[in-house]
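Encoded as structure tokens, the structure appears first; notes follow it.
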Amino acid sequence: MIKNTIVLMVIAFTAISLFLPADELDGKSSIPQAESGLSLEQSIEIALANNRQVLIAREGMNYADERLNEANARKYPTLSSTASYTRLDGVSSMVVGGGPTATTYKMGDVNNAKGELSIKQPIYSGGRISAGVEAAILGKSVQSNQKDDIVNRVVFLVKKAYYDVLLNEAIVDVNRKSESLTKAHLDDIQKMLSQGLSSKYELLRVQVQLTNIRAMRIQSETNLQNVRLLFFSTIGLPLERAESLKLTDKLSMPVGDKDVPEHSAKLEDAFHNRSDLKIAQLRIDMQKQSIVLAESEGKPAFNLMWNFGYEYPSRKVFLTQEWGDYQNIMAVASMPVFEWGRITSRIRQEESLLKQAEIAEIDIRERIKLEVRQSVSSIRDSVVLIETQSENIKQAEEGLRLAEVGYKNGVNTQLEVMDTQMALDTASKNYVQSLYQYNLAKANLDLVTGK
């Protein structure tokens with residue numbers, strides 16, 4: 001069980017191990033002092049401040065904002081300027097009159113210069129601009145939900161890492177208590193042996209049991225150290241600054257939490273809150289806008305343009321070389337006539353992507369149904385196990401007490417004492433394991449319902 005927990009922790013750590021050093025938290029979270037404890041809430045705050053994926057998602061919101069600004073800018077007039085200079089190798093000339101009174105006029109100048117300002121206002125784009133704006137708005141919503149989804153998953157992984165530490169701490173405590181009980185029993189055997197009331201064989205058997213329990217305790221302490229290191233790495237704390245931090249929360253089941261949540265109510269919450277479902281629905285809407293964009297390529301576009309400039313030689317003064325201004329207003333209409341089916345093919349591609357997005361949304365809904373049902377079932381099972389194992393511990397403790405009294409009075413055998421002690425050890429571990437499963441199931445329910 002503990003080895004499986006460590007493997008899961010390694011996987012979880014690999015999934016969210018992209019963290020900034022704690023010295024770069026820029027004041028967004030506070031690291032507790034070395035002598036203070038670390039609560040689950042503090043752990044989540046530190047992780048969210050350090051996790052690079054969360055920081056990337058937050059920066060993605062800035063990107064989405066600028067994409068929307070860019071899309072909106074296409075609705076407004078644009079101002080552009082051009083300047084040019086051209087030198088010709090020669091120009092034509094024209095002779096007016098004859099004889100000595102003949103005059104030669106140059107048809108232009110070898111030096112030509114022009115500066116121009118142009119204003120362009122889109123009038124109609126076939127829906128291209130409005131579809132682009134709507135797609136940018138939807139893209140911003142997608143980015144926001146992606147950030148929420150990343151945050152939710154990081155929170156779950158932090159909770160799991162925190163509970164893994166608490167579970168291993170509890171198992172270490174159980175093993176230490178079991179070792180202490182076995183030591184006490186060994187002392188009783190040695191006293192009884194000195195009085196001729198026990199045998200060397202019984203002494204050896206208890207010594208072997210104590211050695212085995214001590215090995216279990218050492219292994220559990222090693223496991224605890226490993227999961228602690230993984231936990232602090234998960235939340236992004238430097239290991240050298242976190243070694244002395246203790247976890248203040250405990251594995252427990254509040255009295256008011258014994259009621260198992262209704263599956264239908266949690267499913268409704270999931271459909272309302274799940275970021276991945278919202279993203280799937282937004283992608284459907286975005287794909288519809290992509291179809292509009294593809295269709296707009298086959299529709300006419302109208303633009304209004306106004307140009308103003310200075311040029312040399314001026315076109316307004318015939319056969320002279322002077323600077324002059326000019327201006328013009330143009331209404332430009334364009335429309336593709338024949339493109340070998342390119343636009344039709346593009347529309348069909350986008351329609352196919354829309355169908356894929358709709359199927360993906362259905363798939364997510366079905367997965368949500370399964371995840372919610374499994375989470376509710378896990379909570380239900382955990383509640384039952386907690387109640388039964390709690391009662392089992394009381395019975396095992398009483399059984400061990402009676403077996404020890406009976407052994408001292410010659411009624412019970414040493415094997416019966418050892419069996420009842422192992423039963424108490426198993427019941428105690430099963431109890432903390434059921435508490436762990438309950439808290440993890442609750443955290444998973446929060447994740448699958450998008451809480």
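Labeling convention for the structure tokens: chains A, B, ... as they appear, residues from 1 per chain, ligands from 1 in order of appearance.
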Region 85-211 of chain A: residues DSSP assigns to alpha helix (DSSP H), reported as a ChimeraX atom specification: /A:128-194,200-211
With C-alpha atoms retained, could you export that selection as a short mmCIF file (atom, residue, chain, number, x, y, z; two decimals), in the first residue's frame?
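As a result, result-v7.cif now contains:
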```
data_model
loop_
_atom_site.label_atom_id
_atom_site.label_comp_id
_atom_site.auth_asym_id
_atom_site.auth_seq_id
_atom_site.Cartn_x
_atom_site.Cartn_y
_atom_site.Cartn_z
CA ARG A 128 -15.37 38.25 -41.21
CA ILE A 129 -14.70 41.01 -38.69
CA SER A 130 -17.65 40.29 -36.38
CA ALA A 131 -16.85 36.56 -36.43
CA GLY A 132 -13.24 37.33 -35.53
CA VAL A 133 -14.35 39.46 -32.58
CA GLU A 134 -16.74 36.78 -31.34
CA ALA A 135 -14.04 34.11 -31.70
CA ALA A 136 -11.63 36.26 -29.67
CA ILE A 137 -14.26 36.70 -26.91
CA LEU A 138 -14.80 32.94 -26.82
CA GLY A 139 -11.04 32.37 -26.83
CA LYS A 140 -10.70 34.56 -23.76
CA SER A 141 -13.36 32.48 -22.01
CA VAL A 142 -11.51 29.30 -23.00
CA GLN A 143 -8.28 30.68 -21.53
CA SER A 144 -10.04 31.60 -18.29
CA ASN A 145 -11.51 28.11 -17.93
CA GLN A 146 -8.17 26.51 -18.74
CA LYS A 147 -6.64 28.49 -15.89
CA ASP A 148 -9.42 27.36 -13.55
CA ASP A 149 -8.92 23.74 -14.61
CA ILE A 150 -5.17 23.91 -13.95
CA VAL A 151 -5.79 25.50 -10.55
CA ASN A 152 -8.30 22.79 -9.62
CA ARG A 153 -5.91 20.01 -10.58
CA VAL A 154 -3.00 21.58 -8.72
CA VAL A 155 -5.20 21.94 -5.63
CA PHE A 156 -6.17 18.26 -5.82
CA LEU A 157 -2.58 17.10 -6.21
CA VAL A 158 -1.51 19.24 -3.24
CA LYS A 159 -4.31 17.76 -1.14
CA LYS A 160 -3.29 14.25 -2.14
CA ALA A 161 0.36 14.91 -1.34
CA TYR A 162 -0.64 16.41 2.02
CA TYR A 163 -2.86 13.42 2.87
CA ASP A 164 -0.10 11.01 1.81
CA VAL A 165 2.17 12.56 4.44
CA LEU A 166 -0.56 12.36 7.10
CA LEU A 167 -1.24 8.71 6.22
CA ASN A 168 2.42 7.77 6.52
CA GLU A 169 2.73 9.68 9.79
CA ALA A 170 -0.20 7.71 11.18
CA ILE A 171 1.30 4.40 10.01
CA VAL A 172 4.61 5.29 11.70
CA ASP A 173 2.68 5.98 14.91
CA VAL A 174 0.91 2.61 14.67
CA ASN A 175 4.20 0.80 14.11
CA ARG A 176 5.83 2.60 17.04
CA LYS A 177 2.94 1.68 19.32
CA SER A 178 3.11 -1.90 18.13
CA GLU A 179 6.83 -1.98 18.80
CA SER A 180 6.26 -0.53 22.26
CA LEU A 181 3.61 -3.15 23.05
CA THR A 182 5.88 -5.94 21.85
CA LYS A 183 8.74 -4.62 23.98
CA ALA A 184 6.46 -4.60 27.01
CA HIS A 185 5.37 -8.16 26.23
CA LEU A 186 9.01 -9.20 25.84
CA ASP A 187 9.77 -7.75 29.29
CA ASP A 188 6.91 -9.81 30.75
CA ILE A 189 8.23 -12.96 29.05
CA GLN A 190 11.72 -12.37 30.42
CA LYS A 191 10.34 -11.93 33.96
CA MET A 192 8.21 -15.06 33.64
CA LEU A 193 11.18 -16.97 32.24
CA SER A 194 13.28 -16.03 35.25
CA LYS A 200 13.08 -20.09 25.96
CA TYR A 201 11.06 -20.85 22.82
CA GLU A 202 8.42 -18.28 23.74
CA LEU A 203 11.14 -15.72 24.40
CA LEU A 204 12.73 -16.33 21.00
CA ARG A 205 9.37 -16.08 19.25
CA VAL A 206 8.67 -12.66 20.81
CA GLN A 207 12.18 -11.47 19.97
CA VAL A 208 11.66 -12.45 16.32
CA GLN A 209 8.33 -10.63 16.29
CA LEU A 210 9.93 -7.52 17.81
CA THR A 211 12.65 -7.59 15.13
#
```
Selection near region 333-335 of chain A, 12 Å with only C-alpha atoms, sequence-local residues under 3 positions removed, as JSON, numbers by chain: {"A": [122, 123, 124, 125, 126, 296, 297, 298, 299, 300, 301, 302, 303, 304, 305, 330, 338, 339]}
Residues near Lys408 (chain A), cut-off 10 Å, only C-alpha atoms, skip fewer than 3 positions along chain, as a PyMOL selection string: chain A and resi 188-189+192+197-198+402-405+411-414
Would you write out those residues with N, CA and C atoms, as a PDB file, in the first residue's frame?
```
ATOM      1  N   ASP A 188       7.698  -8.871  29.943  1.00  0.00           N
ATOM      2  CA  ASP A 188       6.906  -9.809  30.754  1.00  0.00           C
ATOM      3  C   ASP A 188       7.412 -11.230  30.574  1.00  0.00           C
ATOM      4  N   ILE A 189       7.745 -11.607  29.319  1.00  0.00           N
ATOM      5  CA  ILE A 189       8.229 -12.964  29.047  1.00  0.00           C
ATOM      6  C   ILE A 189       9.546 -13.208  29.791  1.00  0.00           C
ATOM      7  N   MET A 192       8.817 -13.737  33.406  1.00  0.00           N
ATOM      8  CA  MET A 192       8.208 -15.060  33.635  1.00  0.00           C
ATOM      9  C   MET A 192       9.217 -16.167  33.418  1.00  0.00           C
ATOM     10  N   LEU A 197       8.131 -19.609  34.583  1.00  0.00           N
ATOM     11  CA  LEU A 197       6.745 -19.638  34.112  1.00  0.00           C
ATOM     12  C   LEU A 197       6.626 -19.549  32.594  1.00  0.00           C
ATOM     13  N   SER A 198       7.762 -19.449  31.931  1.00  0.00           N
ATOM     14  CA  SER A 198       7.759 -19.377  30.478  1.00  0.00           C
ATOM     15  C   SER A 198       8.934 -20.166  29.950  1.00  0.00           C
ATOM     16  N   LEU A 402      -7.446  -8.660  27.260  1.00  0.00           N
ATOM     17  CA  LEU A 402      -7.864  -9.939  27.830  1.00  0.00           C
ATOM     18  C   LEU A 402      -6.836 -11.033  27.571  1.00  0.00           C
ATOM     19  N   ALA A 403      -6.220 -11.019  26.376  1.00  0.00           N
ATOM     20  CA  ALA A 403      -5.230 -12.054  26.057  1.00  0.00           C
ATOM     21  C   ALA A 403      -4.002 -11.931  26.948  1.00  0.00           C
ATOM     22  N   GLU A 404      -3.567 -10.688  27.204  1.00  0.00           N
ATOM     23  CA  GLU A 404      -2.401 -10.499  28.066  1.00  0.00           C
ATOM     24  C   GLU A 404      -2.690 -10.915  29.506  1.00  0.00           C
ATOM     25  N   VAL A 405      -3.882 -10.575  29.999  1.00  0.00           N
ATOM     26  CA  VAL A 405      -4.263 -10.990  31.346  1.00  0.00           C
ATOM     27  C   VAL A 405      -4.362 -12.503  31.425  1.00  0.00           C
ATOM     28  N   VAL A 411      -4.104 -18.834  31.184  1.00  0.00           N
ATOM     29  CA  VAL A 411      -5.314 -19.229  30.459  1.00  0.00           C
ATOM     30  C   VAL A 411      -5.079 -19.194  28.951  1.00  0.00           C
ATOM     31  N   ASN A 412      -4.417 -18.116  28.456  1.00  0.00           N
ATOM     32  CA  ASN A 412      -4.158 -17.962  27.023  1.00  0.00           C
ATOM     33  C   ASN A 412      -2.697 -18.276  26.718  1.00  0.00           C
ATOM     34  N   THR A 413      -2.477 -18.646  25.483  1.00  0.00           N
ATOM     35  CA  THR A 413      -1.119 -18.948  25.031  1.00  0.00           C
ATOM     36  C   THR A 413      -0.449 -17.677  24.513  1.00  0.00           C
ATOM     37  N   GLN A 414       0.860 -17.781  24.368  1.00  0.00           N
ATOM     38  CA  GLN A 414       1.596 -16.640  23.829  1.00  0.00           C
ATOM     39  C   GLN A 414       1.182 -16.358  22.383  1.00  0.00           C
TER      40      GLN A 414
END
```
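DSSP on the backbone gives strand (DSSP E or B) for these parts of region 86-194 of chain A: Thr86, Arg87, Ser93, Met94, Val95, Val96, Thr103, Thr104, Tyr105, Lys106, Asn111, Asn112, Ala113, Lys114, Gly115, Glu116, Leu117, Ser118, Ile119, Lys120, Gln121, Pro122, Ile123 and Tyr124 of chain A.
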Long-range neighbours of Ile291 (chain A) as a PyMOL selection string, 10 Å cut-off, only C-alpha atoms, 3 positions minimum in chain: chain A and resi 131+286-288+294-296+346-354
Could you save those same residues with C-alpha atoms as a PDB file, in the first residue's frame?
```
ATOM      1  CA  ALA A 131     -16.854  36.561 -36.426  1.00  0.00           C
ATOM      2  CA  MET A 286     -15.645  28.964 -31.664  1.00  0.00           C
ATOM      3  CA  GLN A 287     -15.861  26.398 -34.429  1.00  0.00           C
ATOM      4  CA  LYS A 288     -19.176  27.875 -35.545  1.00  0.00           C
ATOM      5  CA  ALA A 294     -14.737  30.428 -44.063  1.00  0.00           C
ATOM      6  CA  GLU A 295     -18.065  31.445 -45.593  1.00  0.00           C
ATOM      7  CA  SER A 296     -17.058  35.123 -45.536  1.00  0.00           C
ATOM      8  CA  ARG A 346     -12.570  25.133 -46.522  1.00  0.00           C
ATOM      9  CA  ILE A 347     -16.178  25.352 -45.290  1.00  0.00           C
ATOM     10  CA  ARG A 348     -16.502  21.560 -45.287  1.00  0.00           C
ATOM     11  CA  GLN A 349     -13.285  21.241 -43.282  1.00  0.00           C
ATOM     12  CA  GLU A 350     -14.626  23.600 -40.636  1.00  0.00           C
ATOM     13  CA  GLU A 351     -17.958  21.753 -40.542  1.00  0.00           C
ATOM     14  CA  SER A 352     -16.090  18.491 -39.959  1.00  0.00           C
ATOM     15  CA  LEU A 353     -14.172  20.090 -37.090  1.00  0.00           C
ATOM     16  CA  LEU A 354     -17.495  21.268 -35.639  1.00  0.00           C
TER      17      LEU A 354
END
```
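Near region 371-374 of chain A, within 12 Å and counting only C-alpha atoms, sit Val260, Pro261, Glu262, His263, Ser264, Ala265, Lys266, Leu267, Glu268, Asp269, Ala270, Phe271, Arg274, Ile364, Arg365, Arg380, Asp381, Ala441, Lys442, Ala443, Asn444, Leu445, Asp446, Leu447, Val448, Thr449 and Gly450 of chain A, not including residues fewer than 6 positions from it in the same chain.
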Taking N, CA and C atoms for each residue, export the selection above as a PDB file, in the first residue's frame.
```
ATOM      1  N   VAL A 260     -23.594  10.790   3.016  1.00  0.00           N
ATOM      2  CA  VAL A 260     -23.026  10.664   1.672  1.00  0.00           C
ATOM      3  C   VAL A 260     -23.793  11.595   0.732  1.00  0.00           C
ATOM      4  N   PRO A 261     -23.096  12.402  -0.078  1.00  0.00           N
ATOM      5  CA  PRO A 261     -23.789  13.333  -0.976  1.00  0.00           C
ATOM      6  C   PRO A 261     -24.619  12.601  -2.020  1.00  0.00           C
ATOM      7  N   GLU A 262     -25.681  13.256  -2.457  1.00  0.00           N
ATOM      8  CA  GLU A 262     -26.535  12.693  -3.495  1.00  0.00           C
ATOM      9  C   GLU A 262     -25.816  12.746  -4.844  1.00  0.00           C
ATOM     10  N   HIS A 263     -25.850  11.615  -5.543  1.00  0.00           N
ATOM     11  CA  HIS A 263     -25.173  11.535  -6.833  1.00  0.00           C
ATOM     12  C   HIS A 263     -25.744  12.526  -7.844  1.00  0.00           C
ATOM     13  N   SER A 264     -27.067  12.642  -7.891  1.00  0.00           N
ATOM     14  CA  SER A 264     -27.711  13.517  -8.879  1.00  0.00           C
ATOM     15  C   SER A 264     -27.346  14.984  -8.639  1.00  0.00           C
ATOM     16  N   ALA A 265     -27.305  15.386  -7.367  1.00  0.00           N
ATOM     17  CA  ALA A 265     -26.966  16.782  -7.051  1.00  0.00           C
ATOM     18  C   ALA A 265     -25.524  17.084  -7.431  1.00  0.00           C
ATOM     19  N   LYS A 266     -24.611  16.167  -7.149  1.00  0.00           N
ATOM     20  CA  LYS A 266     -23.213  16.376  -7.488  1.00  0.00           C
ATOM     21  C   LYS A 266     -23.002  16.355  -8.997  1.00  0.00           C
ATOM     22  N   LEU A 267     -23.777  15.529  -9.698  1.00  0.00           N
ATOM     23  CA  LEU A 267     -23.673  15.498 -11.153  1.00  0.00           C
ATOM     24  C   LEU A 267     -24.118  16.822 -11.749  1.00  0.00           C
ATOM     25  N   GLU A 268     -25.167  17.392 -11.191  1.00  0.00           N
ATOM     26  CA  GLU A 268     -25.637  18.701 -11.652  1.00  0.00           C
ATOM     27  C   GLU A 268     -24.576  19.772 -11.394  1.00  0.00           C
ATOM     28  N   ASP A 269     -23.923  19.698 -10.228  1.00  0.00           N
ATOM     29  CA  ASP A 269     -22.842  20.635  -9.925  1.00  0.00           C
ATOM     30  C   ASP A 269     -21.710  20.507 -10.940  1.00  0.00           C
ATOM     31  N   ALA A 270     -21.379  19.259 -11.273  1.00  0.00           N
ATOM     32  CA  ALA A 270     -20.283  19.021 -12.218  1.00  0.00           C
ATOM     33  C   ALA A 270     -20.610  19.595 -13.591  1.00  0.00           C
ATOM     34  N   PHE A 271     -21.833  19.363 -14.068  1.00  0.00           N
ATOM     35  CA  PHE A 271     -22.224  19.900 -15.372  1.00  0.00           C
ATOM     36  C   PHE A 271     -22.202  21.424 -15.368  1.00  0.00           C
ATOM     37  N   ARG A 274     -17.734  22.270 -14.216  1.00  0.00           N
ATOM     38  CA  ARG A 274     -16.526  21.688 -14.793  1.00  0.00           C
ATOM     39  C   ARG A 274     -15.943  22.552 -15.897  1.00  0.00           C
ATOM     40  N   ILE A 364     -16.967  14.123 -22.978  1.00  0.00           N
ATOM     41  CA  ILE A 364     -16.647  14.708 -21.672  1.00  0.00           C
ATOM     42  C   ILE A 364     -17.817  14.562 -20.714  1.00  0.00           C
ATOM     43  N   ARG A 365     -19.028  14.753 -21.208  1.00  0.00           N
ATOM     44  CA  ARG A 365     -20.208  14.585 -20.351  1.00  0.00           C
ATOM     45  C   ARG A 365     -20.292  13.160 -19.803  1.00  0.00           C
ATOM     46  N   ARG A 380     -18.928   6.854   0.022  1.00  0.00           N
ATOM     47  CA  ARG A 380     -19.854   5.959   0.722  1.00  0.00           C
ATOM     48  C   ARG A 380     -19.097   4.783   1.348  1.00  0.00           C
ATOM     49  N   ASP A 381     -18.208   4.179   0.561  1.00  0.00           N
ATOM     50  CA  ASP A 381     -17.437   3.046   1.070  1.00  0.00           C
ATOM     51  C   ASP A 381     -16.525   3.473   2.219  1.00  0.00           C
ATOM     52  N   ALA A 441     -11.153  10.893  -1.257  1.00  0.00           N
ATOM     53  CA  ALA A 441     -12.379  10.813  -2.048  1.00  0.00           C
ATOM     54  C   ALA A 441     -13.112  12.161  -2.037  1.00  0.00           C
ATOM     55  N   LYS A 442     -13.116  12.835  -0.887  1.00  0.00           N
ATOM     56  CA  LYS A 442     -13.737  14.156  -0.811  1.00  0.00           C
ATOM     57  C   LYS A 442     -13.000  15.145  -1.712  1.00  0.00           C
ATOM     58  N   ALA A 443     -11.668  15.089  -1.686  1.00  0.00           N
ATOM     59  CA  ALA A 443     -10.884  15.979  -2.546  1.00  0.00           C
ATOM     60  C   ALA A 443     -11.137  15.658  -4.017  1.00  0.00           C
ATOM     61  N   ASN A 444     -11.249  14.385  -4.329  1.00  0.00           N
ATOM     62  CA  ASN A 444     -11.522  14.001  -5.714  1.00  0.00           C
ATOM     63  C   ASN A 444     -12.903  14.429  -6.155  1.00  0.00           C
ATOM     64  N   LEU A 445     -13.871  14.374  -5.229  1.00  0.00           N
ATOM     65  CA  LEU A 445     -15.226  14.833  -5.559  1.00  0.00           C
ATOM     66  C   LEU A 445     -15.219  16.329  -5.850  1.00  0.00           C
ATOM     67  N   ASP A 446     -14.443  17.085  -5.088  1.00  0.00           N
ATOM     68  CA  ASP A 446     -14.305  18.518  -5.380  1.00  0.00           C
ATOM     69  C   ASP A 446     -13.728  18.726  -6.772  1.00  0.00           C
ATOM     70  N   LEU A 447     -12.752  17.867  -7.129  1.00  0.00           N
ATOM     71  CA  LEU A 447     -12.132  18.010  -8.444  1.00  0.00           C
ATOM     72  C   LEU A 447     -13.102  17.681  -9.573  1.00  0.00           C
ATOM     73  N   VAL A 448     -13.801  16.549  -9.463  1.00  0.00           N
ATOM     74  CA  VAL A 448     -14.663  16.118 -10.571  1.00  0.00           C
ATOM     75  C   VAL A 448     -15.945  16.933 -10.669  1.00  0.00           C
ATOM     76  N   THR A 449     -16.301  17.655  -9.595  1.00  0.00           N
ATOM     77  CA  THR A 449     -17.467  18.539  -9.673  1.00  0.00           C
ATOM     78  C   THR A 449     -17.062  19.982  -9.968  1.00  0.00           C
ATOM     79  N   GLY A 450     -15.758  20.232 -10.121  1.00  0.00           N
ATOM     80  CA  GLY A 450     -15.302  21.581 -10.460  1.00  0.00           C
ATOM     81  C   GLY A 450     -15.477  22.578  -9.349  1.00  0.00           C
TER      82      GLY A 450
END
```
For Ile362 (chain A): contacts at 12 Å, only C-alpha atoms, fewer than 2 positions along chain excluded, given as a short mmCIF file (atom, residue, chain, number, x, y, z; two decimals) with N, CA and C atoms, in the first residue's frame:
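And here's result.cif as it stands now:
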```cif
data_model
loop_
_atom_site.label_atom_id
_atom_site.label_comp_id
_atom_site.auth_asym_id
_atom_site.auth_seq_id
_atom_site.Cartn_x
_atom_site.Cartn_y
_atom_site.Cartn_z
N PHE A 271 -21.83 19.36 -14.07
CA PHE A 271 -22.22 19.90 -15.37
C PHE A 271 -22.20 21.42 -15.37
N ASP A 276 -13.49 21.77 -17.99
CA ASP A 276 -13.27 21.09 -19.26
C ASP A 276 -14.54 20.98 -20.08
N LEU A 277 -15.70 20.86 -19.42
CA LEU A 277 -16.97 20.84 -20.14
C LEU A 277 -17.26 22.22 -20.72
N LYS A 278 -17.01 23.26 -19.94
CA LYS A 278 -17.21 24.63 -20.45
C LYS A 278 -16.30 24.88 -21.66
N ALA A 280 -15.15 22.65 -23.74
CA ALA A 280 -15.68 21.90 -24.88
C ALA A 280 -16.86 22.63 -25.52
N GLN A 281 -17.73 23.20 -24.70
CA GLN A 281 -18.86 23.95 -25.23
C GLN A 281 -18.40 25.24 -25.93
N ILE A 284 -17.06 24.49 -29.36
CA ILE A 284 -18.14 24.33 -30.35
C ILE A 284 -18.55 25.69 -30.89
N LYS A 355 -18.25 18.99 -36.02
CA LYS A 355 -18.80 17.70 -35.60
C LYS A 355 -17.87 17.01 -34.60
N GLN A 356 -16.56 17.13 -34.82
CA GLN A 356 -15.60 16.56 -33.88
C GLN A 356 -15.73 17.22 -32.51
N ALA A 357 -15.89 18.53 -32.50
CA ALA A 357 -16.03 19.25 -31.23
C ALA A 357 -17.31 18.84 -30.51
N GLU A 358 -18.38 18.62 -31.24
CA GLU A 358 -19.64 18.19 -30.62
C GLU A 358 -19.52 16.80 -30.03
N ILE A 359 -18.82 15.91 -30.73
CA ILE A 359 -18.61 14.55 -30.20
C ILE A 359 -17.73 14.59 -28.96
N ALA A 360 -16.71 15.45 -28.98
CA ALA A 360 -15.83 15.59 -27.82
C ALA A 360 -16.60 16.08 -26.60
N ILE A 364 -16.97 14.12 -22.98
CA ILE A 364 -16.65 14.71 -21.67
C ILE A 364 -17.82 14.56 -20.71
N ARG A 365 -19.03 14.75 -21.21
CA ARG A 365 -20.21 14.59 -20.35
C ARG A 365 -20.29 13.16 -19.80
N GLU A 366 -20.05 12.19 -20.65
CA GLU A 366 -20.12 10.79 -20.20
C GLU A 366 -19.01 10.50 -19.19
N ARG A 367 -17.83 11.07 -19.42
CA ARG A 367 -16.73 10.85 -18.48
C ARG A 367 -17.04 11.50 -17.13
N ILE A 368 -17.67 12.66 -17.16
CA ILE A 368 -18.05 13.32 -15.91
C ILE A 368 -19.03 12.46 -15.13
N LYS A 369 -20.00 11.87 -15.82
CA LYS A 369 -20.96 10.99 -15.14
C LYS A 369 -20.25 9.85 -14.42
#
```
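Atom pair CA of Ile56 (chain A) / CA of Gly236 (chain A) has a distance of 15.7 Å (rounded to one decimal).
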Non-local contacts of region 433-437 of chain A (7 Å; only C-alpha atoms; under 5 positions in same chain excluded) as a PyMOL selection string: chain A and resi 163+167+251-253+382+385-386
Could the residues in this selection be saved with N, CA and C atoms as a PDB file, in the first residue's frame?
```pdb
ATOM      1  N   TYR A 163      -2.255  14.586   2.226  1.00  0.00           N
ATOM      2  CA  TYR A 163      -2.860  13.420   2.872  1.00  0.00           C
ATOM      3  C   TYR A 163      -1.911  12.223   2.871  1.00  0.00           C
ATOM      4  N   LEU A 167      -1.055  10.165   6.150  1.00  0.00           N
ATOM      5  CA  LEU A 167      -1.241   8.711   6.217  1.00  0.00           C
ATOM      6  C   LEU A 167       0.033   8.023   6.702  1.00  0.00           C
ATOM      7  N   LEU A 251      -5.810  13.615   9.569  1.00  0.00           N
ATOM      8  CA  LEU A 251      -6.805  12.805   8.866  1.00  0.00           C
ATOM      9  C   LEU A 251      -7.985  12.580   9.793  1.00  0.00           C
ATOM     10  N   SER A 252      -9.153  13.007   9.358  1.00  0.00           N
ATOM     11  CA  SER A 252     -10.332  12.865  10.206  1.00  0.00           C
ATOM     12  C   SER A 252     -11.583  12.900   9.340  1.00  0.00           C
ATOM     13  N   MET A 253     -12.690  12.562   9.952  1.00  0.00           N
ATOM     14  CA  MET A 253     -13.990  12.677   9.313  1.00  0.00           C
ATOM     15  C   MET A 253     -14.892  13.450  10.260  1.00  0.00           C
ATOM     16  N   SER A 382     -15.921   4.650   2.084  1.00  0.00           N
ATOM     17  CA  SER A 382     -14.997   5.125   3.118  1.00  0.00           C
ATOM     18  C   SER A 382     -15.719   5.382   4.435  1.00  0.00           C
ATOM     19  N   LEU A 385     -16.294   2.076   6.064  1.00  0.00           N
ATOM     20  CA  LEU A 385     -15.049   1.515   6.573  1.00  0.00           C
ATOM     21  C   LEU A 385     -14.581   2.233   7.834  1.00  0.00           C
ATOM     22  N   ILE A 386     -14.725   3.544   7.866  1.00  0.00           N
ATOM     23  CA  ILE A 386     -14.305   4.305   9.053  1.00  0.00           C
ATOM     24  C   ILE A 386     -15.091   3.851  10.275  1.00  0.00           C
TER      25      ILE A 386
END
```
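Ranking A:Pro77, A:Tyr312, A:Gly60, A:Leu38 by their shortest atom-to-atom distance to Val110 (chain A), with only C-alpha atoms included, puts A:Tyr312 first.
Proximity of A:Asn112, A:Gln219, A:Thr103, A:Asn72 to Leu88 (chain A), computed with only C-alpha atoms, is greatest for A:Asn112.
Between CA of Gln225 (chain A) and CA of Lys246 (chain A) the separation is 12.2 Å.
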